[in-house]
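Structure below is work-v6.cif: mmCIF, C-alpha atoms and all ligand atoms.
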```cif
data_data
#
loop_
_atom_site.label_atom_id
_atom_site.label_comp_id
_atom_site.auth_asym_id
_atom_site.auth_seq_id
_atom_site.Cartn_x
_atom_site.Cartn_y
_atom_site.Cartn_z
CA MET A 1 -21.54 2.15 25.65
CA ALA A 2 -20.11 1.40 22.21
CA GLU A 3 -17.22 -1.06 22.14
CA ARG A 4 -13.83 0.60 21.60
CA MET A 5 -12.13 -0.38 18.34
CA TRP A 6 -8.95 -1.16 20.27
CA ARG A 7 -7.94 -0.76 23.89
CA GLN A 8 -5.05 0.95 25.65
CA HIS A 9 -2.70 -1.19 27.73
CA ASP A 10 0.28 -0.67 29.97
CA LEU A 11 3.49 -1.63 28.25
CA LYS A 12 4.41 -5.13 29.43
CA PRO A 13 8.09 -5.78 30.20
CA SER A 14 8.13 -8.59 27.62
CA TYR A 15 6.22 -9.91 24.61
CA ASP A 16 6.88 -12.90 22.35
CA VAL A 17 6.70 -10.77 19.21
CA VAL A 18 7.02 -6.99 18.87
CA ILE A 19 5.87 -5.46 15.58
CA ILE A 20 7.27 -1.98 14.96
CA GLY A 21 4.98 0.21 12.83
CA GLY A 22 1.22 0.53 13.16
CA GLY A 23 0.38 0.74 9.48
CA GLY A 24 -1.69 -1.81 7.60
CA HIS A 25 1.19 -4.26 7.21
CA GLY A 26 2.11 -4.26 10.90
CA LEU A 27 -1.50 -4.53 12.07
CA ALA A 28 -2.39 -7.22 9.53
CA THR A 29 0.67 -9.22 10.64
CA ALA A 30 -0.48 -8.88 14.26
CA TYR A 31 -4.04 -9.97 13.39
CA TYR A 32 -2.90 -13.05 11.44
CA LEU A 33 -0.42 -13.99 14.19
CA THR A 34 -3.38 -14.22 16.58
CA GLN A 35 -5.20 -16.40 14.02
CA LEU A 36 -2.16 -18.69 14.06
CA GLY A 37 -2.27 -18.91 17.84
CA VAL A 38 0.54 -16.42 18.64
CA ARG A 39 -1.08 -14.06 21.14
CA ASN A 40 1.58 -12.36 23.25
CA VAL A 41 2.15 -9.67 20.62
CA ALA A 42 2.61 -5.88 20.73
CA VAL A 43 2.41 -3.32 17.94
CA LEU A 44 4.47 -0.18 18.57
CA GLU A 45 3.41 2.91 16.64
CA ALA A 46 5.38 6.15 16.91
CA LYS A 47 2.34 8.41 16.30
CA TYR A 48 -1.11 6.87 15.72
CA ILE A 49 -2.15 3.83 13.70
CA GLY A 50 -2.54 4.73 10.02
CA HIS A 51 -0.26 7.77 10.34
CA GLY A 52 1.93 6.50 7.47
CA GLY A 53 1.13 5.45 3.93
CA SER A 54 -1.70 3.20 5.12
CA GLY A 55 -3.80 6.26 5.98
CA ARG A 56 -2.58 8.44 3.11
CA ASN A 57 -2.85 6.27 0.02
CA THR A 58 -5.32 6.54 -2.82
CA ALA A 59 -6.74 3.11 -2.02
CA ILE A 60 -6.26 1.45 -5.41
CA LEU A 61 -6.33 -2.36 -5.58
CA ARG A 62 -5.28 -4.54 -8.48
CA SER A 63 -3.37 -7.73 -9.16
CA ASN A 64 -2.33 -7.48 -12.83
CA TYR A 65 1.41 -7.32 -12.23
CA ARG A 66 4.22 -8.10 -14.65
CA THR A 67 6.11 -11.00 -13.07
CA GLU A 68 4.71 -14.40 -12.14
CA ALA A 69 5.68 -13.94 -8.46
CA GLY A 70 4.02 -10.50 -8.45
CA VAL A 71 0.79 -11.71 -10.07
CA ARG A 72 0.42 -14.69 -7.71
CA PHE A 73 1.12 -12.62 -4.59
CA PHE A 74 -1.12 -9.66 -5.49
CA ASP A 75 -3.88 -12.03 -6.60
CA GLU A 76 -3.76 -13.67 -3.18
CA ALA A 77 -3.97 -10.17 -1.64
CA LEU A 78 -6.98 -9.16 -3.75
CA LYS A 79 -8.83 -12.39 -3.02
CA ILE A 80 -8.41 -11.79 0.73
CA TYR A 81 -9.73 -8.23 0.28
CA GLU A 82 -12.86 -9.63 -1.38
CA THR A 83 -14.00 -11.24 1.88
CA LEU A 84 -12.26 -9.00 4.41
CA SER A 85 -15.26 -6.80 5.35
CA GLY A 86 -17.11 -9.92 6.49
CA GLU A 87 -14.10 -11.45 8.22
CA LEU A 88 -13.32 -8.30 10.22
CA ASP A 89 -16.96 -7.17 10.51
CA ILE A 90 -16.40 -3.63 9.21
CA ASN A 91 -17.67 -2.16 5.95
CA MET A 92 -14.58 -1.41 3.88
CA MET A 93 -16.64 -0.20 0.90
CA LEU A 94 -14.78 -2.42 -1.55
CA SER A 95 -15.64 -1.38 -5.10
CA GLN A 96 -14.25 -3.64 -7.83
CA GLN A 97 -15.09 -1.16 -10.54
CA GLY A 98 -12.33 -2.07 -13.00
CA HIS A 99 -8.87 -0.57 -13.52
CA PHE A 100 -7.48 1.02 -16.71
CA THR A 101 -3.75 1.42 -17.35
CA LEU A 102 -3.52 3.72 -20.37
CA GLY A 103 -0.65 3.48 -22.85
CA HIS A 104 0.58 6.45 -24.88
CA ALA A 105 3.69 4.95 -26.50
CA THR A 106 4.32 1.85 -28.60
CA GLY A 107 6.86 0.56 -26.05
CA THR A 108 4.25 0.84 -23.29
CA MET A 109 1.64 -0.96 -25.39
CA SER A 110 4.04 -3.83 -25.90
CA VAL A 111 4.58 -4.10 -22.11
CA LEU A 112 0.83 -3.89 -21.46
CA THR A 113 0.18 -6.65 -24.01
CA THR A 114 2.79 -8.91 -22.40
CA ARG A 115 1.21 -8.23 -19.01
CA ALA A 116 -2.25 -9.09 -20.33
CA GLU A 117 -1.02 -12.43 -21.65
CA LEU A 118 0.89 -13.33 -18.48
CA ASN A 119 -2.11 -12.36 -16.33
CA LYS A 120 -4.50 -14.46 -18.41
CA ALA A 121 -2.16 -17.45 -18.23
CA LEU A 122 -2.20 -17.15 -14.43
CA GLY A 123 -5.99 -16.79 -14.27
CA VAL A 124 -6.09 -13.03 -13.63
CA GLU A 125 -8.52 -11.06 -15.80
CA SER A 126 -6.67 -8.46 -17.92
CA VAL A 127 -7.30 -7.46 -21.50
CA VAL A 128 -5.89 -4.89 -23.94
CA LEU A 129 -8.51 -2.42 -25.24
CA SER A 130 -8.39 -0.15 -28.28
CA PRO A 131 -9.11 3.62 -28.02
CA PRO A 132 -12.75 3.27 -29.24
CA GLU A 133 -13.33 0.47 -26.68
CA ILE A 134 -11.88 2.73 -23.98
CA LYS A 135 -14.13 5.60 -25.08
CA ARG A 136 -17.23 3.41 -24.72
CA MET A 137 -16.41 2.90 -21.01
CA LEU A 138 -14.96 6.38 -20.35
CA PRO A 139 -17.15 8.65 -22.52
CA ASP A 140 -15.39 11.92 -21.57
CA ILE A 141 -11.84 10.78 -22.32
CA ASP A 142 -10.06 12.41 -25.27
CA ILE A 143 -8.90 9.68 -27.66
CA SER A 144 -8.12 12.13 -30.48
CA ASP A 145 -4.60 13.02 -31.59
CA HIS A 146 -4.90 16.48 -29.96
CA PRO A 147 -3.20 15.62 -26.63
CA ARG A 148 0.59 15.79 -26.53
CA TYR A 149 0.59 12.03 -25.81
CA PRO A 150 -2.45 10.52 -27.59
CA ILE A 151 -3.93 7.31 -26.14
CA LEU A 152 -2.87 4.21 -28.10
CA GLY A 153 -4.70 1.65 -25.96
CA ALA A 154 -5.12 0.38 -22.40
CA LEU A 155 -4.79 -2.65 -20.18
CA TYR A 156 -8.17 -3.22 -18.55
CA HIS A 157 -8.39 -5.26 -15.34
CA PRO A 158 -12.03 -5.86 -14.27
CA PRO A 159 -11.37 -6.99 -10.63
CA GLY A 160 -9.27 -3.90 -9.81
CA GLY A 161 -10.85 -1.07 -7.85
CA ILE A 162 -10.80 0.85 -4.59
CA ILE A 163 -11.52 0.24 -0.91
CA ARG A 164 -11.67 2.51 2.14
CA HIS A 165 -8.11 2.55 3.49
CA ASP A 166 -8.94 3.78 7.03
CA ALA A 167 -11.41 0.93 7.45
CA VAL A 168 -8.70 -1.57 6.48
CA VAL A 169 -6.39 -0.16 9.18
CA TRP A 170 -9.13 0.01 11.81
CA GLY A 171 -10.49 -3.44 10.92
CA TYR A 172 -7.11 -5.11 11.34
CA ALA A 173 -6.49 -3.12 14.55
CA ARG A 174 -9.77 -4.27 16.07
CA GLY A 175 -9.22 -7.85 14.90
CA ALA A 176 -5.74 -7.85 16.44
CA ASP A 177 -7.03 -6.27 19.67
CA ARG A 178 -9.75 -8.91 19.97
CA GLY A 179 -7.07 -11.56 19.56
CA GLY A 180 -5.16 -10.13 22.51
CA VAL A 181 -2.59 -7.93 20.75
CA HIS A 182 -1.50 -4.79 22.63
CA ILE A 183 -1.48 -1.77 20.32
CA HIS A 184 0.70 1.03 21.71
CA ASN A 185 0.23 4.35 19.95
CA GLY A 186 2.70 7.17 20.72
CA THR A 187 5.45 4.61 21.30
CA PRO A 188 8.39 4.96 18.89
CA ALA A 189 11.04 2.26 18.76
CA LEU A 190 14.32 4.04 19.35
CA ASP A 191 16.55 1.01 18.87
CA ILE A 192 16.52 -2.78 18.63
CA ALA A 193 18.53 -4.49 21.36
CA VAL A 194 20.71 -7.30 19.99
CA GLU A 195 22.64 -9.75 22.20
CA ASN A 196 24.97 -12.41 20.76
CA GLY A 197 23.54 -11.98 17.28
CA ARG A 198 19.93 -12.41 18.49
CA VAL A 199 17.09 -9.96 19.02
CA ALA A 200 16.77 -9.27 22.76
CA GLY A 201 14.29 -6.40 22.87
CA VAL A 202 13.12 -3.03 21.66
CA VAL A 203 14.11 0.27 23.25
CA THR A 204 11.31 2.85 23.61
CA PRO A 205 10.94 6.10 25.59
CA ARG A 206 8.57 4.12 27.86
CA GLY A 207 11.26 1.54 28.65
CA THR A 208 12.89 -1.47 27.01
CA ILE A 209 10.66 -4.39 26.07
CA ARG A 210 12.23 -7.85 26.09
CA CYS A 211 11.20 -10.07 23.18
CA GLY A 212 12.54 -12.87 21.02
CA LYS A 213 11.16 -11.72 17.69
CA VAL A 214 10.83 -8.29 16.08
CA VAL A 215 9.08 -7.43 12.82
CA THR A 216 9.79 -4.03 11.29
CA ALA A 217 6.83 -2.79 9.24
CA LEU A 218 8.01 0.78 8.87
CA ALA A 219 7.73 1.53 5.14
CA GLY A 220 9.50 4.88 4.50
CA TRP A 221 11.08 4.85 7.97
CA THR A 222 12.59 1.34 7.70
CA SER A 223 16.18 2.29 6.90
CA VAL A 224 16.30 4.78 9.79
CA LEU A 225 15.67 2.13 12.44
CA CYS A 226 17.55 -0.69 10.68
CA SER A 227 20.68 1.45 10.43
CA ARG A 228 20.71 1.45 14.29
CA VAL A 229 21.54 -2.27 14.19
CA GLY A 230 23.97 -1.94 11.29
CA ILE A 231 21.64 -3.20 8.55
CA LYS A 232 21.99 -1.32 5.31
CA LEU A 233 19.03 -1.81 2.99
CA PRO A 234 18.55 -1.07 -0.71
CA LEU A 235 15.79 1.42 0.12
CA VAL A 236 15.47 5.07 -0.80
CA THR A 237 12.64 7.09 0.73
CA HIS A 238 10.69 9.42 -1.55
CA PRO A 239 7.51 11.41 -0.84
CA LEU A 240 4.42 10.62 -2.90
CA GLN A 241 1.66 13.21 -3.15
CA ALA A 242 -2.08 12.98 -3.68
CA MET A 243 -5.12 15.25 -3.63
CA VAL A 244 -8.93 15.24 -3.70
CA THR A 245 -11.34 17.60 -5.41
CA GLU A 246 -14.64 18.76 -4.03
CA ALA A 247 -17.46 16.24 -4.38
CA TYR A 248 -19.22 15.95 -7.74
CA LYS A 249 -22.04 13.78 -9.09
CA PRO A 250 -20.97 10.23 -9.97
CA TRP A 251 -19.03 10.65 -13.23
CA LEU A 252 -16.05 8.29 -13.23
CA HIS A 253 -16.97 4.63 -12.78
CA HIS A 254 -13.49 3.06 -13.13
CA VAL A 255 -9.98 3.66 -11.85
CA VAL A 256 -7.89 5.36 -14.56
CA VAL A 257 -4.09 5.28 -14.51
CA SER A 258 -1.79 6.67 -17.15
CA ALA A 259 1.48 4.76 -17.20
CA ASN A 260 3.28 7.37 -19.28
CA LEU A 261 1.82 10.53 -17.75
CA HIS A 262 2.34 9.25 -14.17
CA MET A 263 -1.16 10.25 -13.12
CA TYR A 264 -4.21 8.42 -11.89
CA LEU A 265 -7.67 9.16 -10.63
CA SER A 266 -10.81 7.52 -9.29
CA GLN A 267 -14.04 8.82 -7.78
CA SER A 268 -14.91 8.10 -4.17
CA ASP A 269 -18.39 7.13 -3.01
CA ARG A 270 -18.67 10.69 -1.64
CA GLY A 271 -18.05 12.06 -5.15
CA GLU A 272 -14.53 13.44 -4.66
CA LEU A 273 -12.02 12.75 -7.41
CA VAL A 274 -9.03 11.09 -5.75
CA CYS A 275 -5.89 11.93 -7.71
CA GLY A 276 -2.22 10.98 -7.61
CA ALA A 277 0.98 11.07 -9.62
CA GLY A 278 4.54 9.75 -9.50
CA ILE A 279 6.95 10.11 -6.57
CA ASP A 280 8.75 13.39 -5.94
CA GLY A 281 12.02 13.19 -7.85
CA TYR A 282 14.29 13.69 -4.83
CA PRO A 283 14.58 11.50 -1.72
CA HIS A 284 13.53 13.03 1.60
CA TYR A 285 11.33 12.50 4.65
CA GLY A 286 9.12 15.58 4.37
CA MET A 287 5.37 15.03 4.06
CA ARG A 288 4.33 18.37 2.60
CA ALA A 289 2.19 18.89 -0.46
CA THR A 290 3.55 21.19 -3.17
CA LEU A 291 2.12 23.48 -5.84
CA GLY A 292 4.43 21.81 -8.39
CA PHE A 293 2.59 18.50 -7.93
CA LEU A 294 -0.81 20.18 -8.34
CA GLU A 295 0.27 22.00 -11.51
CA GLY A 296 1.85 18.89 -13.03
CA PHE A 297 -1.16 16.72 -12.28
CA ALA A 298 -3.61 19.33 -13.62
CA ALA A 299 -1.67 19.66 -16.88
CA HIS A 300 -1.72 15.91 -17.47
CA VAL A 301 -5.28 15.19 -16.43
CA LEU A 302 -6.70 17.99 -18.61
CA GLU A 303 -5.08 16.43 -21.67
CA LEU A 304 -7.09 13.27 -21.02
CA PHE A 305 -10.26 14.76 -19.53
CA PRO A 306 -10.72 18.39 -20.70
CA ILE A 307 -14.16 18.32 -19.01
CA LEU A 308 -12.38 18.64 -15.64
CA HIS A 309 -11.12 22.19 -16.35
CA ASN A 310 -13.34 23.75 -13.69
CA VAL A 311 -13.17 21.27 -10.80
CA LYS A 312 -12.14 22.63 -7.43
CA VAL A 313 -9.34 21.07 -5.40
CA GLN A 314 -10.25 20.44 -1.78
CA ARG A 315 -6.96 19.30 -0.25
CA GLN A 316 -3.52 17.83 -0.92
CA TRP A 317 -1.22 15.69 1.18
CA ALA A 318 1.89 13.53 0.96
CA GLY A 319 3.28 10.31 2.42
CA LEU A 320 6.57 8.42 2.32
CA CYS A 321 7.46 5.55 0.02
CA ASP A 322 10.23 3.00 0.61
CA MET A 323 11.49 2.44 -2.92
CA THR A 324 13.62 -0.61 -3.86
CA PRO A 325 15.75 -0.59 -7.03
CA ASP A 326 13.74 -3.44 -8.63
CA TYR A 327 10.29 -2.32 -7.38
CA SER A 328 9.99 -5.60 -5.49
CA PRO A 329 9.08 -5.67 -1.79
CA ILE A 330 11.17 -7.31 0.93
CA ILE A 331 9.63 -9.81 3.36
CA SER A 332 12.46 -11.67 4.97
CA PRO A 333 14.29 -12.78 8.07
CA VAL A 334 17.62 -10.99 8.51
CA ASP A 335 20.61 -13.32 8.45
CA GLU A 336 22.81 -11.07 10.61
CA VAL A 337 20.28 -10.83 13.48
CA ASP A 338 18.34 -13.92 14.58
CA GLY A 339 14.70 -13.15 15.30
CA LEU A 340 14.57 -9.95 13.20
CA TYR A 341 12.15 -9.87 10.25
CA LEU A 342 11.75 -7.14 7.64
CA ASN A 343 8.54 -6.17 5.91
CA CYS A 344 9.28 -3.20 3.64
CA GLY A 345 9.99 -1.97 0.14
CA TRP A 346 6.31 -1.40 -0.61
CA GLY A 347 7.01 1.79 -2.53
CA THR A 348 3.99 3.38 -4.14
CA TYR A 349 1.96 0.18 -4.34
CA GLY A 350 1.93 -1.52 -0.94
CA PHE A 351 -1.58 -0.81 0.26
CA LYS A 352 -3.05 -3.37 -2.13
CA ALA A 353 -0.61 -5.92 -0.67
CA THR A 354 -1.57 -5.36 2.98
CA THR A 355 -3.67 -8.53 3.30
CA ALA A 356 -1.30 -11.10 1.78
CA SER A 357 1.72 -9.32 3.25
CA GLY A 358 0.30 -9.56 6.76
CA LEU A 359 -0.80 -13.18 6.32
CA ASN A 360 2.51 -14.40 4.89
CA THR A 361 4.64 -12.38 7.32
CA ALA A 362 2.66 -13.90 10.19
CA LYS A 363 3.18 -17.41 8.75
CA LEU A 364 6.92 -16.76 8.39
CA VAL A 365 7.26 -15.43 11.95
CA ALA A 366 5.09 -18.13 13.51
CA SER A 367 6.68 -21.10 11.71
CA GLY A 368 10.15 -19.92 10.71
CA GLU A 369 9.41 -21.33 7.23
CA MET A 370 9.28 -19.08 4.17
CA PRO A 371 5.80 -19.31 2.59
CA GLU A 372 6.01 -20.09 -1.13
CA ASN A 373 4.09 -16.99 -2.23
CA ILE A 374 6.70 -14.62 -0.75
CA ALA A 375 9.87 -16.63 -1.44
CA ALA A 376 10.76 -14.20 -4.25
CA PHE A 377 10.73 -11.28 -1.82
CA ARG A 378 13.78 -12.41 0.15
CA PRO A 379 16.85 -10.39 -0.95
CA SER A 380 19.14 -12.63 -2.99
CA SER A 381 22.24 -11.62 -1.03
CA TRP A 382 20.66 -13.35 1.99
CA THR A 383 19.82 -16.58 0.19
CA ALA A 384 23.23 -17.20 -1.42
C1 LIG A 401 -0.03 9.45 -1.49
C2 LIG A 401 0.11 7.96 -1.55
C3 LIG A 401 -0.72 7.21 -2.38
C4 LIG A 401 -0.62 5.82 -2.43
N1 LIG A 401 -1.51 5.14 -3.18
C5 LIG A 401 -1.50 3.77 -3.17
C6 LIG A 401 -2.50 3.05 -3.85
O1 LIG A 401 -3.43 3.62 -4.44
N2 LIG A 401 -2.44 1.69 -3.82
C7 LIG A 401 -1.45 1.03 -3.16
O2 LIG A 401 -1.43 -0.20 -3.20
N3 LIG A 401 -0.48 1.70 -2.47
C8 LIG A 401 -0.49 3.05 -2.45
N4 LIG A 401 0.45 3.76 -1.74
C9 LIG A 401 1.51 3.03 -1.02
C10 LIG A 401 0.98 2.50 0.30
O3 LIG A 401 0.29 3.50 0.99
C11 LIG A 401 2.13 1.97 1.18
O4 LIG A 401 2.97 1.12 0.43
C12 LIG A 401 1.59 1.17 2.35
O5 LIG A 401 0.52 1.85 2.96
C13 LIG A 401 2.69 0.91 3.37
O6 LIG A 401 2.07 0.37 4.51
P1 LIG A 401 2.95 -0.03 5.75
O7 LIG A 401 2.04 -0.58 6.77
O8 LIG A 401 4.12 -0.83 5.32
O9 LIG A 401 3.59 1.37 6.25
P2 LIG A 401 2.93 2.68 6.85
O10 LIG A 401 1.46 2.71 6.69
O11 LIG A 401 3.71 3.84 6.32
O12 LIG A 401 3.20 2.49 8.39
C14 LIG A 401 4.48 2.65 8.98
C15 LIG A 401 4.22 3.19 10.36
O13 LIG A 401 5.44 3.19 11.09
C16 LIG A 401 5.40 4.28 12.01
N5 LIG A 401 6.77 4.51 12.47
C17 LIG A 401 7.78 5.16 11.87
N6 LIG A 401 8.90 5.11 12.62
C18 LIG A 401 8.59 4.40 13.74
C19 LIG A 401 9.33 3.96 14.87
N7 LIG A 401 10.63 4.25 15.02
N8 LIG A 401 8.69 3.26 15.83
C20 LIG A 401 7.37 2.94 15.71
N9 LIG A 401 6.62 3.32 14.63
C21 LIG A 401 7.23 4.02 13.66
C22 LIG A 401 4.80 5.39 11.18
O14 LIG A 401 4.24 6.40 12.01
C23 LIG A 401 3.75 4.65 10.38
O15 LIG A 401 2.46 4.70 10.98
C24 LIG A 401 0.37 5.16 -1.66
C25 LIG A 401 1.23 5.90 -0.83
C26 LIG A 401 1.08 7.28 -0.76
C27 LIG A 401 1.99 8.05 0.17
#
```

Do you think you could lay out the structure here as structure tokens?
Amino acid sequence: MAERMWRQHDLKPSYDVVIIGGGGHGLATAYYLTQLGVRNVAVLEAKYIGHGGSGRNTAILRSNYRTEAGVRFFDEALKIYETLSGELDINMMLSQQGHFTLGHATGTMSVLTTRAELNKALGVESVVLSPPEIKRMLPDIDISDHPRYPILGALYHPPGGIIRHDAVVWGYARGADRGGVHIHNGTPALDIAVENGRVAGVVTPRGTIRCGKVVTALAGWTSVLCSRVGIKLPLVTHPLQAMVTEAYKPWLHHVVVSANLHMYLSQSDRGELVCGAGIDGYPHYGMRATLGFLEGFAAHVLELFPILHNVKVQRQWAGLCDMTPDYSPIISPVDEVDGLYLNCGWGTYGFKATTASGLNTAKLVASGEMPENIAAFRPSSWTA
């Protein structure tokens, strides 16, 4: 009989570490904790692993960020992805096909140029391309002045690409399970028990689990649970939508993102065009796809690629994003509650961080020391 990817267990009355949220970040943290020798660990997932953004994202990876802390952290994440299929023994179909960020305004081009220079200085491949250079790599793109926002140039990042998101979730889940982690699907955390300023346990419908350390890896649901223990976070939850078309012959060989038009697309190995846009403009917790998103995306993509006028949409979906005001994530212990650690604020871009986020969160929880690569992600009000 084939080996199960992860096993079911009875809920133990106590664990050393309880991770709340069975997305990529929670599961990766669990896996790396086992690598660091911490084995009495549970992951609690309200629905099923990958139910959140980790199973709904458009799977884009890149590391060409704008701040030094961002570049170093996302570069660490991408480098781990490069060897992850082998490490976890599951084919994640990593495709480092190159990533375009198009610019349609002079202000954007100036930001893209600054990013290219910072990236190069930190050893990350990124280069600004002119419209004819873009056209050579994307033959069907319209670089004329006909579109409402003509293309002025692009930031091109050769190591960027895509990977199969479900395989990342399942790979970390199996790795964690093999290391002894108990993964409990269908087990929402209702509350975090705090005694004398310390974490004492997690309350679930299946009973209260005693534990000394809790990691919340809840993305869009973080503020809901944290408000139960009086922690107010600078997070606002917005839906983000995506869609895929029917499968077509291989046509698009790079990831294309338009910074100004808030749209992006890539082509999966199955031939579907995987498409996304910006967050819905109003905060809420609904995960329903809308016609407004489809119409907006179609209008923008046809300006860039008129050849797509006849493609057929197969399905749409939405997920939740935990947006911070400065677009920086939070990985941090909580000063008010000993033993409580936050991993959140991943917004629209956290899938590509899963690897380094899990590794560094595990190091923080196991050692109590803040790893250098995530020091910038501790809220300043807690470091004063
Ligand atoms: C449509 C879309 C496209 C995206 N595209 C990209 C992309 O191309 N590249 C990229 O880098 N990022 C992308 N993102 C963002 C990325 O998906 C997220 O930042 C990332 O997956 C967050 O992972 P996570 O593990 O922190 O949270 P999640 O994967 O959201 O996991 C949180 C889990 O917590 C569970 N949960 C909630 N409440 C409770 C509770 N009380 N108790 C227990 N469990 C609970 C949820 O069911 C969920 O499974 C996209 C997001 C969306 C929605």

Rank nothing, just name the residue among A:Trp346, A:Glu272, A:Glu336, A:Ile331 nearest to Thr237 (chain A), using all atoms listed in the file.
A:Trp346

Taking all atoms of ligand LIG 401 (chain A) that appear in the file, build a box with edges along x, y and z, extend it by 6 Å on every side, and state its centre and edge lengths in Å to one decimal, as lines of an AutoDock Vina configuration file.
```
center_x = 3.6
center_y = 4.3
center_z = 5.7
size_x = 26.1
size_y = 22.3
size_z = 32.3
```

Restricting the calculation to all atoms listed in the file, which member of A:Leu36, A:Ala193, A:Leu88, A:Asp280 is positioned closest to Cys226 (chain A)?
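When distances to Cys226 (chain A) are compared using all atoms listed in the file, the smallest one comes from A:Ala193.
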
Throw together the list of residues within 7 Å of ligand LIG 401 (chain A), counting only C-alpha atoms and all ligand atoms, and drop it here as a VMD selection string.
chain A and resid 20 to 26 44 to 61 187 to 190 217 to 221 225 239 to 242 276 317 to 321 343 to 344 346 to 354

Go ahead and dump the residues you just picked, C-alpha atoms, as a PDB file, in the coordinates of the input.
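Below you can see part.pdb, which holds the result:
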```pdb
ATOM      1  CA  ILE A  20       7.270  -1.980  14.960  1.00  0.00           C
ATOM      2  CA  GLY A  21       4.980   0.210  12.830  1.00  0.00           C
ATOM      3  CA  GLY A  22       1.220   0.530  13.160  1.00  0.00           C
ATOM      4  CA  GLY A  23       0.380   0.740   9.480  1.00  0.00           C
ATOM      5  CA  GLY A  24      -1.690  -1.810   7.600  1.00  0.00           C
ATOM      6  CA  HIS A  25       1.190  -4.260   7.210  1.00  0.00           C
ATOM      7  CA  GLY A  26       2.110  -4.260  10.900  1.00  0.00           C
ATOM      8  CA  LEU A  44       4.470  -0.180  18.570  1.00  0.00           C
ATOM      9  CA  GLU A  45       3.410   2.910  16.640  1.00  0.00           C
ATOM     10  CA  ALA A  46       5.380   6.150  16.910  1.00  0.00           C
ATOM     11  CA  LYS A  47       2.340   8.410  16.300  1.00  0.00           C
ATOM     12  CA  TYR A  48      -1.110   6.870  15.720  1.00  0.00           C
ATOM     13  CA  ILE A  49      -2.150   3.830  13.700  1.00  0.00           C
ATOM     14  CA  GLY A  50      -2.540   4.730  10.020  1.00  0.00           C
ATOM     15  CA  HIS A  51      -0.260   7.770  10.340  1.00  0.00           C
ATOM     16  CA  GLY A  52       1.930   6.500   7.470  1.00  0.00           C
ATOM     17  CA  GLY A  53       1.130   5.450   3.930  1.00  0.00           C
ATOM     18  CA  SER A  54      -1.700   3.200   5.120  1.00  0.00           C
ATOM     19  CA  GLY A  55      -3.800   6.260   5.980  1.00  0.00           C
ATOM     20  CA  ARG A  56      -2.580   8.440   3.110  1.00  0.00           C
ATOM     21  CA  ASN A  57      -2.850   6.270   0.020  1.00  0.00           C
ATOM     22  CA  THR A  58      -5.320   6.540  -2.820  1.00  0.00           C
ATOM     23  CA  ALA A  59      -6.740   3.110  -2.020  1.00  0.00           C
ATOM     24  CA  ILE A  60      -6.260   1.450  -5.410  1.00  0.00           C
ATOM     25  CA  LEU A  61      -6.330  -2.360  -5.580  1.00  0.00           C
ATOM     26  CA  THR A 187       5.450   4.610  21.300  1.00  0.00           C
ATOM     27  CA  PRO A 188       8.390   4.960  18.890  1.00  0.00           C
ATOM     28  CA  ALA A 189      11.040   2.260  18.760  1.00  0.00           C
ATOM     29  CA  LEU A 190      14.320   4.040  19.350  1.00  0.00           C
ATOM     30  CA  ALA A 217       6.830  -2.790   9.240  1.00  0.00           C
ATOM     31  CA  LEU A 218       8.010   0.780   8.870  1.00  0.00           C
ATOM     32  CA  ALA A 219       7.730   1.530   5.140  1.00  0.00           C
ATOM     33  CA  GLY A 220       9.500   4.880   4.500  1.00  0.00           C
ATOM     34  CA  TRP A 221      11.080   4.850   7.970  1.00  0.00           C
ATOM     35  CA  LEU A 225      15.670   2.130  12.440  1.00  0.00           C
ATOM     36  CA  PRO A 239       7.510  11.410  -0.840  1.00  0.00           C
ATOM     37  CA  LEU A 240       4.420  10.620  -2.900  1.00  0.00           C
ATOM     38  CA  GLN A 241       1.660  13.210  -3.150  1.00  0.00           C
ATOM     39  CA  ALA A 242      -2.080  12.980  -3.680  1.00  0.00           C
ATOM     40  CA  GLY A 276      -2.220  10.980  -7.610  1.00  0.00           C
ATOM     41  CA  TRP A 317      -1.220  15.690   1.180  1.00  0.00           C
ATOM     42  CA  ALA A 318       1.890  13.530   0.960  1.00  0.00           C
ATOM     43  CA  GLY A 319       3.280  10.310   2.420  1.00  0.00           C
ATOM     44  CA  LEU A 320       6.570   8.420   2.320  1.00  0.00           C
ATOM     45  CA  CYS A 321       7.460   5.550   0.020  1.00  0.00           C
ATOM     46  CA  ASN A 343       8.540  -6.170   5.910  1.00  0.00           C
ATOM     47  CA  CYS A 344       9.280  -3.200   3.640  1.00  0.00           C
ATOM     48  CA  TRP A 346       6.310  -1.400  -0.610  1.00  0.00           C
ATOM     49  CA  GLY A 347       7.010   1.790  -2.530  1.00  0.00           C
ATOM     50  CA  THR A 348       3.990   3.380  -4.140  1.00  0.00           C
ATOM     51  CA  TYR A 349       1.960   0.180  -4.340  1.00  0.00           C
ATOM     52  CA  GLY A 350       1.930  -1.520  -0.940  1.00  0.00           C
ATOM     53  CA  PHE A 351      -1.580  -0.810   0.260  1.00  0.00           C
ATOM     54  CA  LYS A 352      -3.050  -3.370  -2.130  1.00  0.00           C
ATOM     55  CA  ALA A 353      -0.610  -5.920  -0.670  1.00  0.00           C
ATOM     56  CA  THR A 354      -1.570  -5.360   2.980  1.00  0.00           C
TER      57      THR A 354
END
```

Given the choices A:Met92, A:Cys211, A:Ile307, A:Ala69, which gets closest to Val169 (chain A) if the distance is worked out from only C-alpha atoms?
A:Met92

Which residue out of A:Pro371, A:Gly160, A:Pro205, A:Pro132 has the minimum interatomic distance to Gly98 (chain A) when all atoms listed in the file are used?
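Closest candidate: A:Gly160.
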